[in-house]
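> Provided herewith: upload07.tsv, TSV, C-alpha atoms.
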chain	number	residue	atom	x	y	z
H	1	MET	CA	79.85	144.64	177.01
H	2	THR	CA	79.63	143.03	180.42
H	3	THR	CA	76.55	142.50	182.53
H	4	THR	CA	76.40	142.75	186.26
H	5	SER	CA	74.99	139.69	187.94
H	6	LYS	CA	71.66	141.42	188.51
H	7	THR	CA	71.03	141.98	184.83
H	8	ARG	CA	72.11	138.63	183.47
H	9	PRO	CA	69.71	136.98	181.07
H	10	ALA	CA	68.33	133.46	181.36
H	11	LEU	CA	71.03	130.86	180.78
H	12	ASN	CA	71.44	127.09	181.12
H	13	GLY	CA	67.68	126.75	181.40
H	14	VAL	CA	67.80	128.96	184.50
H	15	ASP	CA	65.48	131.96	184.59
H	16	THR	CA	68.22	134.14	186.01
H	17	PRO	CA	66.15	137.35	186.36
H	18	THR	CA	63.52	135.45	188.35
H	19	LEU	CA	66.27	133.83	190.41
H	20	PHE	CA	67.60	137.25	191.40
H	21	ALA	CA	64.08	138.60	191.96
H	22	THR	CA	63.45	135.62	194.27
H	23	LEU	CA	66.62	136.41	196.21
H	24	ASP	CA	65.46	140.00	196.61
H	25	ALA	CA	62.00	138.90	197.76
H	26	VAL	CA	63.49	136.58	200.39
H	27	LYS	CA	65.91	139.26	201.50
H	28	ALA	CA	62.94	141.56	202.11
H	29	ASN	CA	60.94	138.84	203.89
H	30	PRO	CA	63.16	136.11	205.36
H	31	GLU	CA	60.10	134.12	206.50
H	32	LEU	CA	59.66	133.10	202.85
H	33	ALA	CA	62.79	130.97	203.19
H	34	LYS	CA	61.22	128.57	205.70
H	35	PHE	CA	60.38	125.31	203.97
H	36	GLN	CA	59.16	121.93	205.11
H	37	PHE	CA	59.52	118.94	202.80
H	38	ARG	CA	57.73	115.63	203.37
H	39	ALA	CA	57.50	112.03	202.29
H	40	THR	CA	55.13	109.25	203.26
H	41	ASN	CA	56.13	105.61	203.07
H	42	ARG	CA	54.16	102.39	203.10
H	43	TRP	CA	55.58	98.93	203.72
H	44	ILE	CA	54.66	96.48	200.96
H	45	GLY	CA	56.37	93.28	202.10
H	46	GLY	CA	59.82	92.11	203.08
H	47	THR	CA	62.30	94.89	202.37
H	48	HIS	CA	60.05	96.36	199.65
H	49	ASN	CA	58.36	99.65	200.45
H	50	ARG	CA	57.13	102.71	198.62
H	51	SER	CA	57.36	106.45	199.25
H	52	MET	CA	55.11	109.20	197.99
H	53	ILE	CA	56.45	112.72	197.73
H	54	ARG	CA	54.15	115.62	196.96
H	55	GLY	CA	53.17	118.33	199.41
H	56	PHE	CA	55.56	120.84	200.90
H	57	TYR	CA	55.35	124.14	202.71
H	58	GLY	CA	57.43	127.08	201.55
H	59	ALA	CA	57.39	130.74	200.61
H	60	GLY	CA	54.66	131.27	203.19
H	61	GLN	CA	52.18	128.68	201.97
H	62	GLU	CA	51.41	125.07	201.14
H	63	ASP	CA	52.46	124.23	197.62
H	64	ALA	CA	49.60	123.76	195.17
H	65	THR	CA	51.61	123.21	191.99
H	66	ARG	CA	52.22	119.48	192.40
H	67	THR	CA	49.08	117.72	191.29
H	68	GLU	CA	50.39	114.14	191.52
H	69	ASP	CA	52.57	112.15	193.87
H	70	PHE	CA	56.12	111.31	192.91
H	71	VAL	CA	56.31	107.59	193.75
H	72	TYR	CA	59.51	105.69	194.57
H	73	ASP	CA	60.01	102.07	195.49
H	74	ALA	CA	62.95	100.83	197.52
H	75	ASP	CA	64.01	97.27	198.18
H	76	HIS	CA	67.03	95.14	198.87
H	77	PRO	CA	68.49	93.06	196.04
H	78	ALA	CA	68.30	89.26	196.13
H	79	VAL	CA	71.87	88.98	197.39
H	80	LEU	CA	70.64	90.85	200.48
H	81	VAL	CA	67.55	88.67	200.75
H	82	GLY	CA	65.27	91.25	199.14
H	83	THR	CA	63.15	91.20	196.01
H	84	GLY	CA	64.92	93.89	193.98
H	85	ASN	CA	61.81	95.98	193.26
H	86	GLY	CA	63.80	99.17	193.64
H	87	PRO	CA	67.22	100.44	194.59
H	88	THR	CA	68.37	100.12	198.17
H	89	PRO	CA	67.64	103.07	200.42
H	90	VAL	CA	71.33	104.03	200.55
H	91	GLU	CA	71.48	104.36	196.76
H	92	PHE	CA	68.95	107.19	196.93
H	93	LEU	CA	71.50	109.12	198.98
H	94	LEU	CA	73.87	108.94	195.99
H	95	HIS	CA	71.18	110.27	193.68
H	96	ALA	CA	70.42	113.06	196.14
H	97	ILE	CA	73.99	114.34	196.38
H	98	ALA	CA	74.54	114.25	192.60
H	99	ALA	CA	71.22	115.98	191.97
H	100	CYS	CA	71.80	118.70	194.55
H	101	LEU	CA	75.29	119.57	193.33
H	102	SER	CA	74.15	119.54	189.71
H	103	ALA	CA	71.16	121.82	190.33
H	104	GLY	CA	73.25	124.27	192.30
H	105	LEU	CA	75.92	124.26	189.63
H	106	ALA	CA	73.46	125.26	186.93
H	107	ASN	CA	72.08	128.12	189.04
H	108	ILE	CA	75.53	129.38	189.95
H	109	ALA	CA	76.74	129.15	186.36
H	110	ALA	CA	73.75	131.19	185.21
H	111	ALA	CA	74.36	133.78	187.92
H	112	ARG	CA	77.98	134.04	186.82
H	113	GLY	CA	77.16	134.16	183.13
H	114	VAL	CA	78.79	130.82	182.33
H	115	ALA	CA	77.08	128.78	179.60
H	116	LEU	CA	77.24	125.06	180.40
H	117	ARG	CA	77.35	122.46	177.65
H	118	GLU	CA	77.34	119.19	179.55
H	119	VAL	CA	77.46	118.17	183.16
H	120	SER	CA	77.52	114.58	184.31
H	121	SER	CA	78.62	112.87	187.47
H	122	THR	CA	79.17	109.47	188.95
H	123	VAL	CA	78.83	108.77	192.64
H	124	GLU	CA	80.22	105.80	194.52
H	125	GLY	CA	79.55	104.87	198.11
H	126	ASP	CA	81.50	102.21	199.98
H	127	ILE	CA	79.76	100.34	202.74
H	128	ASP	CA	80.78	97.35	204.80
H	129	LEU	CA	77.65	95.46	205.77
H	130	LEU	CA	79.28	93.92	208.84
H	131	GLY	CA	77.80	96.98	210.57
H	132	ILE	CA	74.14	96.65	209.66
H	133	LEU	CA	74.30	92.85	209.87
H	134	GLY	CA	75.35	93.22	213.49
H	135	LEU	CA	78.52	91.20	212.90
H	136	SER	CA	81.03	93.84	214.02
H	137	ASP	CA	80.99	96.66	216.55
H	138	GLN	CA	83.98	98.19	214.78
H	139	VAL	CA	82.18	98.87	211.52
H	140	ARG	CA	79.69	101.71	211.12
H	141	ASN	CA	76.25	101.03	209.68
H	142	GLY	CA	76.45	103.64	206.93
H	143	TYR	CA	78.76	104.49	204.08
H	144	GLN	CA	82.41	104.81	204.99
H	145	GLY	CA	82.89	107.33	202.24
H	146	ILE	CA	81.18	108.78	199.18
H	147	ARG	CA	83.05	109.95	196.08
H	148	VAL	CA	81.48	112.25	193.51
H	149	SER	CA	83.21	112.66	190.14
H	150	PHE	CA	82.00	115.49	187.94
H	151	ARG	CA	82.63	115.96	184.25
H	152	ILE	CA	81.86	119.46	183.06
H	153	SER	CA	82.11	121.27	179.78
H	154	GLY	CA	81.13	124.90	179.38
H	155	ASP	CA	82.03	128.21	177.92
H	156	ALA	CA	84.66	129.21	180.49
H	157	PRO	CA	88.23	128.38	181.49
H	158	ASP	CA	88.96	125.33	183.62
H	159	GLU	CA	89.35	127.25	186.86
H	160	VAL	CA	86.02	129.00	186.38
H	161	LEU	CA	84.25	125.68	185.78
H	162	ARG	CA	85.91	124.21	188.87
H	163	GLY	CA	84.85	127.27	190.83
H	164	LEU	CA	81.22	126.50	189.99
H	165	ILE	CA	81.48	123.14	191.71
H	166	ASP	CA	83.25	124.68	194.69
H	167	GLN	CA	80.43	127.17	195.13
H	168	SER	CA	77.75	124.54	194.56
H	169	ARG	CA	79.28	122.39	197.29
H	170	ALA	CA	79.50	125.41	199.59
H	171	ARG	CA	75.75	125.97	199.20
H	172	SER	CA	74.47	122.41	198.86
H	173	ALA	CA	71.77	121.29	201.26
H	174	VAL	CA	72.44	117.59	200.63
H	175	TYR	CA	76.22	117.98	200.95
H	176	ASP	CA	75.69	119.71	204.29
H	177	VAL	CA	73.36	117.01	205.58
H	178	LEU	CA	75.55	114.13	204.40
H	179	THR	CA	78.83	115.55	205.67
H	180	ASN	CA	77.63	117.21	208.88
H	181	GLY	CA	74.65	115.13	209.85
H	182	VAL	CA	71.24	116.28	211.04
H	183	PRO	CA	69.14	115.46	214.09
H	184	VAL	CA	66.60	112.75	213.22
H	185	SER	CA	63.78	112.01	215.66
H	186	ILE	CA	61.64	108.90	215.38
H	187	ASP	CA	58.19	108.60	216.83
H	188	VAL	CA	56.16	105.37	216.89
H	189	LYS	CA	52.42	104.87	217.16
H	190	THR	CA	51.20	101.29	217.51
H	191	VAL	CA	47.67	100.60	216.31
U	1	MET	CA	56.00	75.40	220.74
U	2	THR	CA	58.63	78.09	220.37
U	3	THR	CA	61.25	78.38	217.68
U	4	THR	CA	64.75	79.65	218.15
U	5	SER	CA	65.65	82.52	215.89
U	6	LYS	CA	67.68	80.20	213.65
U	7	THR	CA	64.73	78.01	212.80
U	8	ARG	CA	62.10	80.65	212.22
U	9	PRO	CA	60.11	80.31	209.03
U	10	ALA	CA	59.63	82.98	206.37
U	11	LEU	CA	57.49	85.85	207.67
U	12	ASN	CA	56.45	89.34	206.54
U	13	GLY	CA	57.67	88.52	203.05
U	14	VAL	CA	61.14	87.95	204.49
U	15	ASP	CA	62.86	84.66	203.64
U	16	THR	CA	64.05	84.28	207.21
U	17	PRO	CA	66.00	81.01	206.69
U	18	THR	CA	67.94	82.59	203.83
U	19	LEU	CA	68.49	85.72	205.92
U	20	PHE	CA	70.11	83.62	208.66
U	21	ALA	CA	72.06	81.58	206.10
U	22	THR	CA	73.36	84.84	204.63
U	23	LEU	CA	74.46	86.01	208.07
U	24	ASP	CA	76.31	82.71	208.57
U	25	ALA	CA	77.97	82.99	205.16
U	26	VAL	CA	79.17	86.53	205.91
U	27	LYS	CA	80.36	85.49	209.34
U	28	ALA	CA	82.48	82.81	207.67
U	29	ASN	CA	83.79	85.20	205.01
U	30	PRO	CA	83.60	88.85	206.09
U	31	GLU	CA	84.85	90.03	202.68
U	32	LEU	CA	81.36	89.26	201.36
U	33	ALA	CA	80.09	92.25	203.37
U	34	LYS	CA	82.02	94.81	201.31
U	35	PHE	CA	79.64	96.61	198.99
U	36	GLN	CA	79.92	99.56	196.66
U	37	PHE	CA	76.78	101.30	195.44
U	38	ARG	CA	76.72	103.77	192.55
U	39	ALA	CA	74.66	106.33	190.73
U	40	THR	CA	75.30	108.33	187.59
U	41	ASN	CA	73.68	111.69	186.98
U	42	ARG	CA	73.21	113.82	183.89
U	43	TRP	CA	72.25	117.48	183.84
U	44	ILE	CA	69.23	118.14	181.63
U	45	GLY	CA	68.74	121.88	182.03
U	46	GLY	CA	68.26	124.41	184.81
U	47	THR	CA	67.80	122.56	188.08
U	48	HIS	CA	66.48	119.47	186.30
U	49	ASN	CA	68.75	116.44	186.21
U	50	ARG	CA	68.42	112.67	186.09
U	51	SER	CA	70.14	109.81	187.90
U	52	MET	CA	70.53	106.23	186.82
U	53	ILE	CA	71.05	103.54	189.44
U	54	ARG	CA	71.96	100.01	188.44
U	55	GLY	CA	75.33	98.39	189.01
U	56	PHE	CA	76.79	97.61	192.39
U	57	TYR	CA	79.54	95.47	193.79
U	58	GLY	CA	78.89	93.17	196.70
U	59	ALA	CA	79.22	89.64	198.05
U	60	GLY	CA	82.49	89.35	196.14
U	61	GLN	CA	81.26	90.25	192.67
U	62	GLU	CA	79.57	92.75	190.40
U	63	ASP	CA	75.82	92.37	190.53
U	64	ALA	CA	74.26	90.85	187.42
U	65	THR	CA	70.66	90.68	188.56
U	66	ARG	CA	69.63	94.23	187.66
U	67	THR	CA	68.96	94.25	183.95
U	68	GLU	CA	67.63	97.82	183.70
U	69	ASP	CA	68.49	101.19	185.17
U	70	PHE	CA	66.35	102.66	187.89
U	71	VAL	CA	65.85	106.25	186.68
U	72	TYR	CA	65.07	109.25	188.90
U	73	ASP	CA	64.58	112.88	188.00
U	74	ALA	CA	65.18	115.71	190.42
U	75	ASP	CA	64.31	119.36	190.02
U	76	HIS	CA	63.39	122.44	191.98
U	77	PRO	CA	59.74	123.54	192.07
U	78	ALA	CA	58.64	126.73	190.33
U	79	VAL	CA	58.68	128.67	193.61
U	80	LEU	CA	62.41	127.92	193.71
U	81	VAL	CA	62.84	128.89	190.06
U	82	GLY	CA	62.87	125.29	188.82
U	83	THR	CA	60.63	123.38	186.46
U	84	GLY	CA	59.17	120.83	188.89
U	85	ASN	CA	60.09	117.75	186.83
U	86	GLY	CA	60.91	115.81	189.99
U	87	PRO	CA	61.18	116.22	193.72
U	88	THR	CA	63.98	118.33	195.12
U	89	PRO	CA	67.19	116.50	195.98
U	90	VAL	CA	66.56	116.93	199.71
U	91	GLU	CA	63.21	115.17	199.45
U	92	PHE	CA	64.99	112.00	198.34
U	93	LEU	CA	66.74	112.00	201.72
U	94	LEU	CA	63.32	111.70	203.38
U	95	HIS	CA	62.42	108.75	201.16
U	96	ALA	CA	65.77	107.13	201.96
U	97	ILE	CA	65.37	107.28	205.74
U	98	ALA	CA	61.78	106.00	205.67
U	99	ALA	CA	62.71	103.18	203.29
U	100	CYS	CA	65.75	102.10	205.29
U	101	LEU	CA	63.95	102.00	208.62
U	102	SER	CA	60.98	100.17	207.09
U	103	ALA	CA	63.14	97.51	205.39
U	104	GLY	CA	65.12	96.90	208.55
U	105	LEU	CA	61.95	96.69	210.61
U	106	ALA	CA	60.52	93.92	208.42
U	107	ASN	CA	63.75	91.91	208.63
U	108	ILE	CA	64.00	92.32	212.38
U	109	ALA	CA	60.33	91.45	212.89
U	110	ALA	CA	60.81	88.25	210.86
U	111	ALA	CA	63.92	87.36	212.84
U	112	ARG	CA	61.98	87.85	216.07
U	113	GLY	CA	58.92	85.99	214.86
U	114	VAL	CA	56.65	89.04	214.85
U	115	ALA	CA	54.03	89.12	212.10
U	116	LEU	CA	53.49	92.66	210.84
U	117	ARG	CA	50.15	93.79	209.48
U	118	GLU	CA	50.79	97.34	208.41
U	119	VAL	CA	53.69	99.74	208.60
U	120	SER	CA	53.56	103.29	207.35
U	121	SER	CA	55.53	106.40	208.08
U	122	THR	CA	55.63	110.08	207.39
U	123	VAL	CA	58.83	112.08	207.31
U	124	GLU	CA	59.16	115.84	207.62
U	125	GLY	CA	62.29	117.87	207.12
U	126	ASP	CA	62.56	121.54	208.07
U	127	ILE	CA	64.94	123.70	206.11
U	128	ASP	CA	65.54	127.43	206.11
U	129	LEU	CA	66.69	128.42	202.63
U	130	LEU	CA	68.50	131.51	203.90
U	131	GLY	CA	71.47	129.14	204.05
U	132	ILE	CA	71.60	127.85	200.49
U	133	LEU	CA	70.50	131.23	199.11
U	134	GLY	CA	73.59	132.75	200.70
U	135	LEU	CA	71.51	135.24	202.68
U	136	SER	CA	72.66	134.27	206.16
U	137	ASP	CA	75.87	132.88	207.63
U	138	GLN	CA	73.91	131.83	210.72
U	139	VAL	CA	71.71	129.32	208.91
U	140	ARG	CA	72.97	125.93	207.78
U	141	ASN	CA	72.42	124.80	204.19
U	142	GLY	CA	70.74	121.53	205.05
U	143	TYR	CA	67.78	120.39	207.09
U	144	GLN	CA	67.69	121.67	210.63
U	145	GLY	CA	65.87	118.55	211.72
U	146	ILE	CA	64.07	115.50	210.35
U	147	ARG	CA	61.12	113.84	212.09
U	148	VAL	CA	59.99	110.33	211.25
U	149	SER	CA	56.58	109.15	212.51
U	150	PHE	CA	55.85	105.44	212.26
U	151	ARG	CA	52.49	103.76	212.53
U	152	ILE	CA	52.77	100.02	213.08
U	153	SER	CA	50.33	97.22	213.59
U	154	GLY	CA	51.41	93.65	214.14
U	155	ASP	CA	50.91	90.51	216.10
U	156	ALA	CA	52.80	91.55	219.23
U	157	PRO	CA	52.43	93.83	222.25
U	158	ASP	CA	53.16	97.53	221.98
U	159	GLU	CA	56.58	97.35	223.55
U	160	VAL	CA	57.66	94.57	221.19
U	161	LEU	CA	56.56	96.60	218.16
U	162	ARG	CA	58.39	99.65	219.48
U	163	GLY	CA	61.46	97.50	220.04
U	164	LEU	CA	61.48	96.64	216.34
U	165	ILE	CA	61.88	100.31	215.44
U	166	ASP	CA	64.57	100.78	218.08
U	167	GLN	CA	66.57	97.92	216.61
U	168	SER	CA	65.96	99.06	213.04
U	169	ARG	CA	67.30	102.50	213.92
U	170	ALA	CA	70.28	100.92	215.68
U	171	ARG	CA	71.18	99.08	212.45
U	172	SER	CA	70.08	101.57	209.80
U	173	ALA	CA	72.65	102.63	207.24
U	174	VAL	CA	70.71	105.74	206.25
U	175	TYR	CA	70.04	106.77	209.86
U	176	ASP	CA	73.76	106.48	210.56
U	177	VAL	CA	74.72	108.56	207.52
U	178	LEU	CA	72.10	111.24	208.17
U	179	THR	CA	72.77	111.61	211.88
U	180	ASN	CA	76.55	111.11	211.94
U	181	GLY	CA	77.60	112.33	208.51
U	182	VAL	CA	80.00	110.73	206.07
U	183	PRO	CA	83.10	111.99	204.26
U	184	VAL	CA	82.16	113.12	200.74
U	185	SER	CA	84.93	113.84	198.23
U	186	ILE	CA	84.29	115.70	195.00
U	187	ASP	CA	86.48	115.42	191.96
U	188	VAL	CA	86.07	117.54	188.83
U	189	LYS	CA	87.20	116.87	185.28
U	190	THR	CA	86.71	119.68	182.78
U	191	VAL	CA	86.39	118.64	179.16
Kindly transcribe the structure held in the file into structure tokens.

Amino acid sequence: MTTTSKTRPALNGVDTPTLFATLDAVKANPELAKFQFRATNRWIGGTHNRSMIRGFYGAGQEDATRTEDFVYDADHPAVLVGTGNGPTPVEFLLHAIAACLSAGLANIAAARGVALREVSSTVEGDIDLLGILGLSDQVRNGYQGIRVSFRISGDAPDEVLRGLIDQSRARSAVYDVLTNGVPVSIDVKTV
Amino acid sequence: MTTTSKTRPALNGVDTPTLFATLDAVKANPELAKFQFRATNRWIGGTHNRSMIRGFYGAGQEDATRTEDFVYDADHPAVLVGTGNGPTPVEFLLHAIAACLSAGLANIAAARGVALREVSSTVEGDIDLLGILGLSDQVRNGYQGIRVSFRISGDAPDEVLRGLIDQSRARSAVYDVLTNGVPVSIDVKTV
């Protein structure tokens, strides 16, 4: 007995019926798809600072489900004259791409009826600090390249498992931002 | 009495003499500027997954100063059929840009002899989920725009404080990656 995608049961920890119901709701009212995410950051000292993530707008309203801030420190390590109280800002980009691809993969696998057993990934980003240190005009400030290596086991042939990653990449918000860039505006108020 | 940049004392929690000594060391041996940052991620269930950040290569060797993993969960909120065990992956991008600009600002202020009192920022990212939900070919997957708003107070005139942000942006690794994009390769091993 096969199921069509619309009647698939929950799988991989994904509430597949609700996922499809959500798609239908957004199809009927595309305004629900407009989201705004936010972070606030406070400088602590030196290269050490802290972000709070909590509120967001989406599905037509301000979120009320998050009752506490998610709090993240960032810092430079001692070798970069920091105090090592958190990862460097660029390392959070590596977390973001792994997390986005992994979340998408689980949703897509559920939608396709593929049971996942394990998914893990490693991400490496190469950066030449001659750019940010202002020591070379020929070197960019950011990563020169990022490599993501996935390791997947699940209840499907190799090519089906690989297809999950392909589709996750094709629909990944972080992959899009990192590979295509996004306009970033910066406003300053002095007090 | 004025100081040249090379003789400025520590300021803003930045060890300015060591910062300039580091610049000199890298100038003398540009290989020291080659860094590789890394993250590993493990899928937990549904859209919930967890990254570990610890090891990195830089200044000619593997880092040995981080003795524990930095651990970060990511998830989708309930409205996006997740379990809300962490921020969404795209929210970590907002943390990353705020953290990078703030860290650079403190370094630059120290190098210029500007004492900072307070620095805070808010970051907003607008995203239309019609893209990642596969409901429109006309909508990108990622953020359509990111806005960073800084609030700075320090011991310098307005235009000097604003100049710190300009220079931080000009040398920000995360700003470069987010605005210009970076090649991301994805490799899959099925097991």
> Can you find the residues with an atom no farther than 6 Å from (79.3, 115.3, 190.6), counting only C-alpha atoms, and report them as a PyMOL selection string?
chain H and resi 98+121+148-150
> Calculated over all atoms listed in the file, which of the candidates U:Thr190, U:Asn12, U:Thr40, U:Asn49 has the smallest distance to Ile152 (chain H)?
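Looking at the shortest contact to Ile152 (chain H), the residue is U:Thr190.
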> With all atoms listed in the file as the counted atoms, please give the residues lying no more than 12 Å from Gly113 (chain U), apart from itself and same-chain residues fewer than 5 positions off, as a PyMOL selection string.
chain U and resi 2-12+14-17+105-108+154-156+160-161+164
> Could you tell me how far CA of Gly125 (chain U) lies from CA of Val139 (chain H), in Å and to one decimal?
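Computing it gives 27.9 Å between the two atoms.
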> Could you pull the residues within 10 Å of Gly104 (chain H), counting all atoms listed in the file, minus those fewer than 2 positions along the same chain, as a count of residues only?
21
> So how many Å separate CA of Lys27 (chain U) and CA of Ile53 (chain U), to one decimal?
28.4 Å
